[in-house]
Amino acid sequence: MRIAVCIKQVPDTEARLRLRQDGRWVDEEDLPFVINESDEYALEEALTLAEKTEGEVVVFSLGPARVKEALRKALALGAHRAVHLRDEAFDGGDALATARALHAALSRESFDLILTGSQSDDSGYGATGSVLAGFFGWPHAWLVMGIDLEDGGGSLRVVREMESGMNEIVRIALPAVMEVQAGINHPRYASLKGIMQAKRKPQEVLAAADLSLDPAAVGAAGSRLEVVSVAFPQSGDGAQMIEGDASTAAKTLVEKLRKEARVL
Amino acid sequence: MSQDVVFQDVVSQDLMSQDVMSKKIWIVLQHREGRLHRMSREAIAAGQRLAAALSGQAEAVLLGAGMESLAAEASGYALAAVRVIDDAKLASYTPGGYVSALAPALRAAAPDFVIFPHTYQSIDYFPRLAQEVDAGLLPEITGFDDATGELLFSRPVMGGKLVAQVRVKGEGTTLLSVQSGAFSADAAETGQAPVEALASEEITSDREILGVEEVGGDQIDLTKAEVIVALGRGVGGADKLGPSEELAKLLGAELGASRPVIDSGWLPRDRQIGSSGQTVAPKLYLALGISGAIQHLVGMKGSSTVVAVNKDPGAPIFTVADYGIVGDLHEVVPALTAALEELSD
């Protein structure tokens, strides 16, 4: 089975954020980046499926030079090859523009299955995989919590999360795009051997011109959305912040919960 | 050509462009068990407000099988029309079915905005619909503002740590979804809307539905809990739950958790609070080490009193909290237990 995994490198969700000077995005200087959480689960799912079918996993990522680190990690975890879509023309794309570029890169070879995370922890459109499926004309599912191969690899039995604690089970024909939810599996750690091997695995870099893509159709230029500004949310009335060391703060809080909020 | 004729041409063009400028807004309503989804009513409220801001018209769109009573329910709102695609092939939701039903109608009517409730079902298919009809795609808005003369939408980014203001560029239709709780369902204006059939072409499915299952068998019902101690990623491990459990016991509270705690296996899935877990509204909600991603906030913001403890003063949980302590929960939790014990002595 030939499996492609699309991953995104995003700021570490634990990182303290600062705004860029122009106020339109976060300041990336000194910001730690990691593989997007649900994409890690997508990669693990791909590696497991490839092991079962003696298949190949090719990992794709779009982004600037720093993305190389995310791809190297994916290779260390067991992906066979990496493709880096790296071109200033790709930057700042919305879900449609990014999927258009990924589609061009993925179409150069043939895959049975494309896996990706359900949502990125930065822009959070939750849509790129679905749009990608649209470009291919393949079926897809979002928020996938289980994937099993059926009828000799011709289709998938897919568990997808619904609201209010229910899952729906569906059968989807391959080829398809599956957008994986965090929690579907337990992502492995990279072994020392894996890290060493990653250095020798092929990493390809592709620019818009390599994919015969019009720079006006991808990235910020090819997007219908433009982020005008970002800001820390206004807290409405805001929380009453309680100061002091742990013990003092705890005592003050208990007092307030009794006398102000009257919930104790 | 005389000046007069040219002048008349300009006038008629003006009239035409005025007509073109009358914005059309569609609201695609989700339903469950024969009733409108709560978030569909919120989407109606959003659509009515957007229509008012743009001096346009809002229309609702319903799709499914056997839609008479749902159409009647939707027609009780102040809308220019309720348009219904009623087809046996839409009895169960599939993205292929919904996209193939809506795409021709969208191409024909070319509304300026199509509003979806930001439910798991909508997110499963509406990006695909946007790609299909070559429309703009704007997921998860929490509001819009045209005070500056330009229409800007707000939506959470960085897991809710930041709010982005977004402009839609270019011509044509834009599909957008409205986050839960961003608009009040009670603000949806009632009225009397005409019900009309909406033509569709062949409806095709792209997945076979095999069934539904409950997640995690015996559900612990957190919805009735008066006090909830909810744990987030900041707890740091299954072996570090002890002090929080002790605090919960002292408060007579149920333990809840945000998604990362469940995914890491530190607590069972039936303890999850948020959009994919339970929606709770206790008297007192203690959020410990929870950053406050929007998916969590939608599940707990109905709580009467919210206390947040987090190391990061910028954590979005503080925006919905009544009381906040910036600090390490591993110090604050034992201190809280001690303060409560002191109280009962």
# chains A, B, ... in the order shown; residues from 1 in each chain; ligands from 1
>>> residues_around(residues="A:Val59", least_positions_apart="2", cutoff="9 Å", atoms="only C-alpha atoms", output="list in words")
Ile3, Ala4, Val5, Cys6, Ile7, Leu43, Val57, Ser61, Leu71, Ala74, Leu75, Ala79, His80, Arg81, Ala82, Val83 and His84 of chain A
>>> residues_around(residues="A:Val158", least_positions_apart="4", cutoff="6 Å", atoms="only C-alpha atoms", output="VMD selection string")
chain A and resid 146 to 147 169 to 170
>>> atom_distance(atom1="atom CA of B:Leu343", atom2="atom CA of B:Leu267")
29.4 Å
>>> select_by_dssp(residues="stretch 6-253 of chain A", states="strand (DSSP E or B)", output="PyMOL selection string")
chain A and resi 6-7+9-11+19+26+33-35+56-62+81-85+113-117+140-150+155-161+166-173+176-180+203-206+225-231+240-241
>>> residues_around(residues="B:Thr174", least_positions_apart="5", cutoff="8 Å", atoms="only C-alpha atoms", output="list in words")
Asp112, Phe113, Val114, Ala130, Ala135, Gly136, Leu137, Leu138 and Val168 of chain B
>>> closest_atom_pairs(of="chain A", to="chain B", cutoff="6 Å", atoms="only C-alpha atoms", output="JSON lines")
{"residue": "A:Asp121", "atom": "CA", "partner": "B:Gly159", "partner_atom": "CA", "distance": 5.6}
{"residue": "A:Asp122", "atom": "CA", "partner": "B:Met158", "partner_atom": "CA", "distance": 4.1}
{"residue": "A:Ser123", "atom": "CA", "partner": "B:Val157", "partner_atom": "CA", "distance": 5.1}
{"residue": "A:Tyr125", "atom": "CA", "partner": "B:Pro139", "partner_atom": "CA", "distance": 5.8}
{"residue": "A:Ala127", "atom": "CA", "partner": "B:Pro127", "partner_atom": "CA", "distance": 5.6}
{"residue": "A:Ser130", "atom": "CA", "partner": "B:Arg128", "partner_atom": "CA", "distance": 5.5}
{"residue": "A:Val131", "atom": "CA", "partner": "B:Arg128", "partner_atom": "CA", "distance": 5.1}
{"residue": "A:Gly134", "atom": "CA", "partner": "B:Arg128", "partner_atom": "CA", "distance": 5.7}
{"residue": "A:Pro139", "atom": "CA", "partner": "B:Asp206", "partner_atom": "CA", "distance": 5.9}
{"residue": "A:Trp142", "atom": "CA", "partner": "B:Asp124", "partner_atom": "CA", "distance": 5.3}
{"residue": "A:Glu163", "atom": "CA", "partner": "B:Ser276", "partner_atom": "CA", "distance": 5.4}
{"residue": "A:Ser164", "atom": "CA", "partner": "B:Gly277", "partner_atom": "CA", "distance": 6.0}
{"residue": "A:Gly165", "atom": "CA", "partner": "B:Val215", "partner_atom": "CA", "distance": 5.5}
{"residue": "A:Met166", "atom": "CA", "partner": "B:Glu214", "partner_atom": "CA", "distance": 4.6}
{"residue": "A:Asn167", "atom": "CA", "partner": "B:Glu213", "partner_atom": "CA", "distance": 5.3}
{"residue": "A:Glu168", "atom": "CA", "partner": "B:Val212", "partner_atom": "CA", "distance": 4.3}
{"residue": "A:Ile169", "atom": "CA", "partner": "B:Gly211", "partner_atom": "CA", "distance": 5.2}
{"residue": "A:Val170", "atom": "CA", "partner": "B:Ile209", "partner_atom": "CA", "distance": 4.4}
{"residue": "A:Arg171", "atom": "CA", "partner": "B:Glu208", "partner_atom": "CA", "distance": 5.0}
{"residue": "A:Ile172", "atom": "CA", "partner": "B:Arg207", "partner_atom": "CA", "distance": 5.0}
{"residue": "A:Gly183", "atom": "CA", "partner": "B:Asp263", "partner_atom": "CA", "distance": 4.4}
{"residue": "A:Arg224", "atom": "CA", "partner": "B:Lys169", "partner_atom": "CA", "distance": 4.9}
{"residue": "A:Leu225", "atom": "CA", "partner": "B:Val168", "partner_atom": "CA", "distance": 4.8}
{"residue": "A:Glu226", "atom": "CA", "partner": "B:Arg167", "partner_atom": "CA", "distance": 5.2}
{"residue": "A:Val227", "atom": "CA", "partner": "B:Val166", "partner_atom": "CA", "distance": 4.5}
{"residue": "A:Val228", "atom": "CA", "partner": "B:Gln165", "partner_atom": "CA", "distance": 5.5}
{"residue": "A:Ser229", "atom": "CA", "partner": "B:Gln165", "partner_atom": "CA", "distance": 5.3}
{"residue": "A:Val230", "atom": "CA", "partner": "B:Ala164", "partner_atom": "CA", "distance": 4.2}
{"residue": "A:Ala231", "atom": "CA", "partner": "B:Val163", "partner_atom": "CA", "distance": 5.4}
{"residue": "A:Phe232", "atom": "CA", "partner": "B:Leu162", "partner_atom": "CA", "distance": 4.7}
{"residue": "A:Pro233", "atom": "CA", "partner": "B:Val163", "partner_atom": "CA", "distance": 5.7}
{"residue": "A:Ser235", "atom": "CA", "partner": "B:Thr319", "partner_atom": "CA", "distance": 4.0}
{"residue": "A:Gly238", "atom": "CA", "partner": "B:Thr319", "partner_atom": "CA", "distance": 5.6}
{"residue": "A:Ala239", "atom": "CA", "partner": "B:Asp322", "partner_atom": "CA", "distance": 4.4}
{"residue": "A:Gln240", "atom": "CA", "partner": "B:Tyr323", "partner_atom": "CA", "distance": 4.7}
{"residue": "A:Met241", "atom": "CA", "partner": "B:Gly324", "partner_atom": "CA", "distance": 4.6}
{"residue": "A:Ile242", "atom": "CA", "partner": "B:Ile325", "partner_atom": "CA", "distance": 5.3}
{"residue": "A:Ala246", "atom": "CA", "partner": "B:Val332", "partner_atom": "CA", "distance": 4.9}
{"residue": "A:Ser247", "atom": "CA", "partner": "B:Ala335", "partner_atom": "CA", "distance": 5.0}
{"residue": "A:Ala250", "atom": "CA", "partner": "B:Leu336", "partner_atom": "CA", "distance": 4.8}
{"residue": "A:Lys251", "atom": "CA", "partner": "B:Ala339", "partner_atom": "CA", "distance": 5.4}
>>> closest_residue(among="A:Phe33, A:Arg72, A:Pro11, A:Phe60", to="A:Lys201", atoms="only C-alpha atoms")
A:Arg72
>>> closest_residue(among="B:Val229, B:Ser75, B:Gly242, B:Phe116", to="B:Tyr285", atoms="only C-alpha atoms")
B:Val229
>>> atom_distance(atom1="atom CA of A:Ala261", atom2="atom CA of B:Ala281")
15.3 Å
